[in-house]
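Visitor: Take a look at this one; I'll ask things after.
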Amino acid sequence: MRRSPLFWWLVFAGGILLSFSVALAQEKLIFGYSAPGLGDEGQWNIQKGFVDKCKELGIEVIVTDAQQSAEKQNNDIETLIARGVHAICAVPHDSAAISIAVQKCNEAGIPFFTIDRGVTAGNVVLTVKADNVKAGAIAGEVMLRLLQGKYNGVAKGKVLEIRGQPGQDVAEQRAQGFHQVLEKYPDIQIISLPGYWNTEEGFKITVDTLTANPDLDGIYYHADLYIPGIVEGVKAVKGEFAKVGEPGHIFILGIDGNPAGLDQVEAKLADGVVVQPLRDYGALIVPIIVDYLKRGEEALPKPGTVLVEEGASWSPAMVVQTAAGLEIWTNVFYVDYLGAGDPNLWGNKPRE
Amino acid sequence: MRKREFLKFLLDNSVWIIIVVFFTLNAFLTPKFFTLLNFRNILIHSSILGIVVIGESLCLLSGHFDLSVESTLALSAVLGSMAVKNGLSIPLAIGIMLMSGMLVGFANGTLIRKLGLNAFVATLITYIGIRGTALGIVEGKTIWNLPAAFCFFGAGNIGILPVQIVLLAVLYLLFHAVLIYTKFGRHVYLVGDNQLAARISGINVDRVVITVFMLSGLLSAFAGLVMAGRLNSASPLFGTGMVFEAMSAAIIGGISLRGGIGSLFMALGGVVLLSSISNVLNLHAVSPYWIQTIRALMILFAVTLDSLKRRLVRYEE
Amino acid sequence: MKSDGILLKMEGICKSFGEVRALENVHFTLSHHEIVGLVGGNGAGKSTLIKILAGVFPPDRGRIYLEGREVHFKSPRDAYEQGIYTVHQKMEEILAPHHDVAANIFMGEEITKPLFGGLLRVLARREMEKEAESVLSRVGITIDSVRRPIVSYSGGQRQAVALAKALRKKPKILVLDEPTAALGVKEKFQVLHLIKRLGKEEGIPIIIVSHNLEEVFEIVDRIVVLRNGQIVGECSPSLVTKEQVVQMIVGGE
Ligand SMILES: Nc1ncnc2c1ncn2[C@@H]1O[C@H](COP(=O)(O)OP(=O)(O)OP(=O)(O)O)[C@@H](O)[C@H]1O
Ligand SMILES: [Mg+2]
């Protein structure tokens, strides 16, 4: 049987392609991971999730720790570039300061990914973070149920929202979700004040608001760091603190779910907390990085789609195109004191 | 003659007069403002900033300033909380905190006087370095749930009076007396008024300035103890941005940035005014997006009143 | 080295400020009971010599002997403790503008009194005010109140305060850098009278810098002329004319 020359050309081309991909598969992938400071439980868990997934896929990872220094993080990333890693993933300590290193990375042609935060300048292929709008919305729904429970099914009451830094996207999204849910109920009054991510400011806001509104029903906080300020603030005005379930209790719930936050929920100081699946960011992003190195842009999920994986705590996750670039917003979930002890929560996973 | 003296009295007490005006207005405009509970809140809110402002005022009066106060506060809170969490006795922990503050102050004073650095540069170095040290020691973590006895200075009560308010009063009286009645206090003013003249007149400027910075560090560290107690926790991010508030309070109180002029009692007025402004904004639940603008406008109003008064008396300079 | 009459001896004093050589190998002596007038043009180095004597800064080279013993002034305090009291030329270098007269006169030398049985010491304001008033009246210049800040006084009044500050205690050597420059006619007369009295009657050795040869000739025992950082002549006013001194100050042909 005679083959046309075209056939042989195709075989030849296929053979080259095949040998290329075999070579690629044989050359072990090396990723760089730049943590902002592994002393923080949350950061340690994000890093652990990333490293575990890489191990599972047979990828080598070089982990660097910037120890809360923006300058060190830039040096770390330059070191990773010099080591010739195939891709770099970082949790920026400072979104603006890291841009210098990101641009160097772009010049070197190494794809750059981030977790939890974007960067101000430079090309980032993809950012994975929690869906903060959803976190706010879940908090809003729980607050609604608690208020309805208190007032025999009627949606009414007064709630204090202690925000983060006004204008910062995390704070804006956490506010947006909360307001989306509750503004449908005109009898629920929300008092929003900025706490600038500052525990003492949270204390002052709690004290002043409770003084102006002794009938306050609930407090929604944007980050766990406000809890001690809230608890002490309630004590300072009311003289004592009524825990969850005790008469006179003020509902307290918010977002984060770090170990200390979960402890407060378990101790019934706070009603509950919306938790982010920090430990599973790696499981989501590592396969995408691998795929991106093989297929380029094509491998990235399309904006507007929803990623689902049975049993994964990040699932469902939304793909969104924001001003900062392509982002995947992972699922978040609420835990109360019954669930706060769950050993699967990242905040309860002991460091090794 | 009478009139001039009356004007001088107004000038010398302008912050407090503005406070009286502010309180009177808000008694009508702000619900729940004019209540005993709220006055107590304002004083509680004033206490930590107030303690820091004593140290900052000492520095300003001596013709310097200290950017590192807020970092020193954070370092002290973190060190003390780590110490008690690791089983050290509370007095020992407090000793470590106060020592840390004095060491930072000593470093500042030495950098300025012995190395000849400018106060801005010297305290900027410690401002960055000490905050970094606080972050490093606890690796960014917050320490929660401190022993009740350790929290006494922040959250305790003496009878019905919160300890914070008692501390505020005692420390202001004490340092006011030191500044007005002692030789050291007089030297602080003289060094700030004319450092060269003070030196030529035989005042040991190095010793005065280093002491001032050590006191500033000591007070900031003590404020760290109060804050840790007040919030029953310690974070390396405590007091972020506080140095600007401390400077504003001192300057609103009429302490000159050029040194040598002003009184601690007036700086306390600046603190109470700033705290009352925040309190009113919280009570009104002003939009979080406008709160900063409105705060700035209120401060502008206060300092304009002050400069009007100044023009009335007209001390040339 | 020890010669009976000589109280102060400055030997081989050199001082440069960067490029500017303010003093070059200056030898200067002062005897007991002597009033010396230091004259010279602007920038001749008079104030620099006086600041070295007052311990404001050290000389680059040279030694200072007081009553035959070598002294090292590391700070103005050291000179003060040796009894050398100085009124410097620039008021802004010696007075604290926002402090009152009493505070300025007692600057660095505040009087304290015991409190709580000696447990603490506090400023004795009353005492300082009283003494300030008495020193001022001794200087012969009346000021309406000692409680106003220095900024609110005239230049001459400030000079009087500075003089009073140096005369509060009896000096071993009194050093005056242009003490009458800002004074009015009447006040100038009073101050000169005072200087003469201090020098001649109380026997205090005095070094006085002045551009006014009239007053120099009137009060001093010896004139020392500085030009470009060097001593170019010494003479007794009884043996020379003003024109000759002017010639030395101006120099040249
Ligand atoms: N602190 C200083 N830094 C630099 N140069 C100086 C300093 N003090 C004095 N000089 C210079 O040293 C020289 C002598 O100055 P000095 O003040 O001793 O003059 P003077 O004889 O007192 O003059 P006047 O009669 O104008 O007071 C001048 O050239 C002056 O510019
Ligand atoms: Mg001169």
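As shown in the structure tokens, the chain order sets the letters A, B, ...; within each chain, residues go from 1, and ligands are also counted from 1 in the order they appear.
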Skip stretch 110-118 of chain B itself and residues of its chain fewer than 6 positions away, then list as a list of chain:residue names all residues within 9 Å of it, counting only C-alpha atoms.

Guide: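 The neighbour list is B:His64, B:Val205, B:Asp206, B:Arg207, B:Val209, B:Ile210.
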
Visitor: Give me, as a Markdown table, the closest atom pair and its distance (Å, one decimal) for every residue of chain C within a cut-off of 9 Å of ligand 1, counting only C-alpha atoms and all ligand atoms, rows sorted by chain and rising number.

Guide:
| residue | atom | partner | partner_atom_place_in_ligand_line | distance |
| --- | --- | --- | --- | --- |
| C:Lys15 | CA | ligand 1 | 12 (O) | 8.5 |
| C:Ser16 | CA | ligand 1 | 12 (O) | 7.4 |
| C:Phe17 | CA | ligand 1 | 4 (C) | 4.7 |
| C:Gly18 | CA | ligand 1 | 4 (C) | 7.1 |
| C:Glu19 | CA | ligand 1 | 5 (N) | 8.5 |
| C:Val20 | CA | ligand 1 | 29 (O) | 6.0 |
| C:Arg21 | CA | ligand 1 | 12 (O) | 6.7 |
| C:Ala22 | CA | ligand 1 | 12 (O) | 4.2 |
| C:Leu23 | CA | ligand 1 | 14 (C) | 7.4 |
| C:Val39 | CA | ligand 1 | 21 (O) | 7.9 |
| C:Gly40 | CA | ligand 1 | 21 (O) | 6.2 |
| C:Gly41 | CA | ligand 1 | 25 (O) | 5.6 |
| C:Asn42 | CA | ligand 1 | 26 (O) | 3.5 |
| C:Gly43 | CA | ligand 1 | 19 (O) | 3.3 |
| C:Ala44 | CA | ligand 1 | 21 (O) | 3.8 |
| C:Gly45 | CA | ligand 1 | 18 (O) | 3.1 |
| C:Lys46 | CA | ligand 1 | 21 (O) | 3.8 |
| C:Ser47 | CA | ligand 1 | 22 (O) | 3.7 |
| C:Thr48 | CA | ligand 1 | 18 (O) | 3.7 |
| C:Leu49 | CA | ligand 1 | 18 (O) | 6.5 |
| C:Ile50 | CA | ligand 1 | 18 (O) | 8.0 |
| C:Lys51 | CA | ligand 1 | 18 (O) | 8.4 |
| C:Gln89 | CA | ligand 1 | 27 (O) | 7.1 |
| C:Lys90 | CA | ligand 1 | 27 (O) | 8.8 |
| C:Asp177 | CA | ligand 1 | 22 (O) | 8.0 |
| C:Glu178 | CA | ligand 1 | 27 (O) | 8.0 |
| C:Val209 | CA | ligand 1 | 22 (O) | 8.3 |
| C:Ser210 | CA | ligand 1 | 25 (O) | 7.9 |
| C:His211 | CA | ligand 1 | 25 (O) | 7.3 |
| C:Leu226 | CA | ligand 1 | 21 (O) | 7.7 |
| C:Arg227 | CA | ligand 1 | 21 (O) | 8.2 |
| C:Asn228 | CA | ligand 1 | 14 (C) | 7.8 |
| C:Gly229 | CA | ligand 1 | 14 (C) | 7.0 |

Visitor: Could you write out as a compact mmCIF listing (two decimals) with N, CA, C and O atoms, in the first residue's frame the residues of chain B within 12 Å of chain C, counting only C-alpha atoms?

Guide:
# COMPACT_ATOMS: atom_id res chain seq x y z
N LEU B 61 8.19 69.17 73.33
CA LEU B 61 8.60 70.31 74.14
C LEU B 61 10.11 70.48 74.13
O LEU B 61 10.62 71.59 74.18
N ALA B 177 3.30 68.05 86.82
CA ALA B 177 4.08 68.55 87.96
C ALA B 177 5.57 68.48 87.65
O ALA B 177 6.33 69.42 87.93
N VAL B 178 6.01 67.37 87.06
CA VAL B 178 7.43 67.24 86.73
C VAL B 178 7.87 68.37 85.81
O VAL B 178 8.90 69.00 86.01
N LEU B 179 7.03 68.65 84.82
CA LEU B 179 7.42 69.67 83.84
C LEU B 179 7.41 71.07 84.44
O LEU B 179 8.26 71.89 84.11
N ILE B 180 6.46 71.34 85.30
CA ILE B 180 6.31 72.71 85.81
C ILE B 180 7.17 72.97 87.04
O ILE B 180 7.70 74.05 87.22
N TYR B 181 7.31 71.96 87.90
CA TYR B 181 7.91 72.24 89.20
C TYR B 181 9.34 71.75 89.35
O TYR B 181 10.00 72.09 90.32
N THR B 182 9.84 70.91 88.45
CA THR B 182 11.20 70.41 88.68
C THR B 182 12.20 71.05 87.73
O THR B 182 11.85 71.60 86.69
N LYS B 183 13.45 70.95 88.17
CA LYS B 183 14.56 71.46 87.37
C LYS B 183 14.62 70.73 86.03
O LYS B 183 14.82 71.34 84.99
N PHE B 184 14.41 69.41 86.08
CA PHE B 184 14.43 68.63 84.84
C PHE B 184 13.37 69.15 83.86
O PHE B 184 13.65 69.37 82.68
N GLY B 185 12.16 69.38 84.39
CA GLY B 185 11.09 69.87 83.53
C GLY B 185 11.44 71.21 82.90
O GLY B 185 11.26 71.43 81.70
N ARG B 186 11.99 72.11 83.71
CA ARG B 186 12.40 73.41 83.21
C ARG B 186 13.44 73.23 82.10
O ARG B 186 13.38 73.88 81.06
N HIS B 187 14.38 72.31 82.30
CA HIS B 187 15.42 72.08 81.30
C HIS B 187 14.84 71.53 79.99
O HIS B 187 15.33 71.86 78.91
N VAL B 188 13.80 70.70 80.10
CA VAL B 188 13.16 70.19 78.89
C VAL B 188 12.64 71.37 78.06
O VAL B 188 12.89 71.47 76.85
N TYR B 189 11.94 72.29 78.72
CA TYR B 189 11.43 73.48 78.02
C TYR B 189 12.56 74.32 77.44
O TYR B 189 12.50 74.78 76.31
N LEU B 190 13.61 74.53 78.25
CA LEU B 190 14.72 75.39 77.80
C LEU B 190 15.43 74.80 76.60
O LEU B 190 15.75 75.50 75.64
N VAL B 191 15.66 73.47 76.64
CA VAL B 191 16.33 72.83 75.51
C VAL B 191 15.49 72.98 74.25
O VAL B 191 16.00 73.23 73.16
N GLY B 192 14.16 72.87 74.42
CA GLY B 192 13.28 73.02 73.26
C GLY B 192 13.22 74.46 72.78
O GLY B 192 13.10 74.72 71.59
N ASP B 193 13.30 75.40 73.70
CA ASP B 193 13.17 76.81 73.34
C ASP B 193 14.41 77.29 72.60
O ASP B 193 14.32 77.96 71.58
N ASN B 194 15.58 76.95 73.11
CA ASN B 194 16.83 77.36 72.45
C ASN B 194 17.93 76.41 72.91
O ASN B 194 18.53 76.59 73.96
N GLN B 195 18.15 75.41 72.07
CA GLN B 195 19.10 74.35 72.44
C GLN B 195 20.51 74.90 72.64
O GLN B 195 21.21 74.51 73.59
N LEU B 196 20.89 75.84 71.79
CA LEU B 196 22.24 76.40 71.88
C LEU B 196 22.40 77.18 73.19
O LEU B 196 23.40 77.02 73.92
N ALA B 197 21.39 78.00 73.48
CA ALA B 197 21.45 78.79 74.71
C ALA B 197 21.49 77.86 75.93
O ALA B 197 22.22 78.10 76.88
N ALA B 198 20.72 76.78 75.86
CA ALA B 198 20.70 75.84 76.98
C ALA B 198 22.09 75.25 77.17
O ALA B 198 22.60 75.15 78.29
N ARG B 199 22.73 74.90 76.05
CA ARG B 199 24.06 74.30 76.14
C ARG B 199 25.07 75.31 76.67
O ARG B 199 25.85 75.04 77.58
N ILE B 200 25.01 76.53 76.13
CA ILE B 200 25.96 77.56 76.56
C ILE B 200 25.74 77.91 78.02
O ILE B 200 26.68 78.26 78.73
N SER B 201 24.50 77.76 78.49
CA SER B 201 24.24 78.06 79.90
C SER B 201 24.58 76.88 80.80
O SER B 201 24.27 76.89 81.97
N GLY B 202 25.17 75.86 80.23
CA GLY B 202 25.67 74.78 81.07
C GLY B 202 24.69 73.64 81.30
O GLY B 202 24.93 72.78 82.15
N ILE B 203 23.57 73.61 80.56
CA ILE B 203 22.65 72.48 80.71
C ILE B 203 23.21 71.31 79.91
O ILE B 203 23.67 71.48 78.77
N ASN B 204 23.16 70.12 80.49
CA ASN B 204 23.64 68.93 79.80
C ASN B 204 22.55 68.46 78.83
O ASN B 204 21.68 67.67 79.17
N VAL B 205 22.61 69.00 77.61
CA VAL B 205 21.54 68.76 76.64
C VAL B 205 21.42 67.27 76.32
O VAL B 205 20.32 66.73 76.23
N ASP B 206 22.55 66.58 76.16
CA ASP B 206 22.51 65.15 75.87
C ASP B 206 21.68 64.41 76.90
O ASP B 206 20.82 63.60 76.57
N VAL B 208 19.43 65.53 79.01
CA VAL B 208 18.01 65.90 78.99
C VAL B 208 17.29 65.18 77.85
O VAL B 208 16.24 64.57 78.05
N SER B 256 4.04 73.51 70.46
CA SER B 256 4.67 73.93 69.21
C SER B 256 5.59 72.85 68.68
O SER B 256 6.32 72.20 69.42
N ARG B 258 8.09 73.43 67.08
CA ARG B 258 9.47 73.90 67.16
C ARG B 258 10.04 73.80 68.57
O ARG B 258 11.20 74.11 68.81
N GLY B 259 9.18 73.38 69.51
CA GLY B 259 9.68 73.12 70.86
C GLY B 259 9.55 74.29 71.80
O GLY B 259 9.42 75.44 71.40
N GLY B 260 9.58 73.96 73.09
CA GLY B 260 9.64 74.99 74.12
C GLY B 260 8.33 75.64 74.51
O GLY B 260 8.27 76.33 75.52
N ILE B 261 7.27 75.45 73.72
CA ILE B 261 6.01 76.11 74.02
C ILE B 261 4.89 75.09 74.15
O ILE B 261 4.79 74.18 73.32
N GLY B 262 4.05 75.27 75.17
CA GLY B 262 2.88 74.41 75.32
C GLY B 262 2.84 73.79 76.69
O GLY B 262 3.80 73.88 77.46
N ARG B 314 -2.13 88.23 70.13
CA ARG B 314 -1.02 88.83 69.39
C ARG B 314 0.29 88.91 70.16
O ARG B 314 0.76 89.97 70.51
N TYR B 315 0.85 87.75 70.40
CA TYR B 315 2.22 87.77 70.88
C TYR B 315 3.09 87.72 69.66
O TYR B 315 2.99 86.79 68.88
N GLU B 316 3.90 88.70 69.46
CA GLU B 316 4.71 88.67 68.24
C GLU B 316 5.75 87.56 68.38
O GLU B 316 6.13 87.19 69.47
N GLU B 317 6.15 87.06 67.24
CA GLU B 317 7.23 86.06 67.27
C GLU B 317 7.86 86.04 65.90
O GLU B 317 7.23 85.60 64.96

Visitor: Pick out the residues sitting within 12 Å of C:Ser154, and hand them over as a ChimeraX atom specification; count only C-alpha atoms, and ignore anything fewer than 5 positions along from it in its own chain.

Guide: /C:91,97,143,148-149,159-161,182-184

Visitor: Take the residues just selected and output them with C-alpha atoms as a PDB file, in the first residue's frame.

Guide:
ATOM      1  CA  MET C  91      21.429  87.229  72.041  1.00  0.00           C
ATOM      2  CA  PRO C  97      12.980  83.543  73.773  1.00  0.00           C
ATOM      3  CA  ILE C 143      12.448  96.335  83.531  1.00  0.00           C
ATOM      4  CA  ARG C 148       7.210  88.421  80.481  1.00  0.00           C
ATOM      5  CA  PRO C 149       8.862  86.179  77.877  1.00  0.00           C
ATOM      6  CA  GLN C 159      21.240  92.680  76.518  1.00  0.00           C
ATOM      7  CA  ALA C 160      20.650  93.841  80.069  1.00  0.00           C
ATOM      8  CA  VAL C 161      19.136  90.470  80.926  1.00  0.00           C
ATOM      9  CA  ALA C 182      22.240  97.523  71.470  1.00  0.00           C
ATOM     10  CA  LEU C 183      21.956  99.879  74.387  1.00  0.00           C
ATOM     11  CA  GLY C 184      20.529 103.397  74.455  1.00  0.00           C
TER      12      GLY C 184
END

Visitor: For A:Gly157, find every residue with an atom within 7 Å (counting only C-alpha atoms), except residues of its own chain fewer than 4 positions away, and show them as a list of chain:residue names.

Guide: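 Contacts, with the query itself left out: A:Leu147, A:Asp187, A:Ile188, A:Gln189, A:Asp217.
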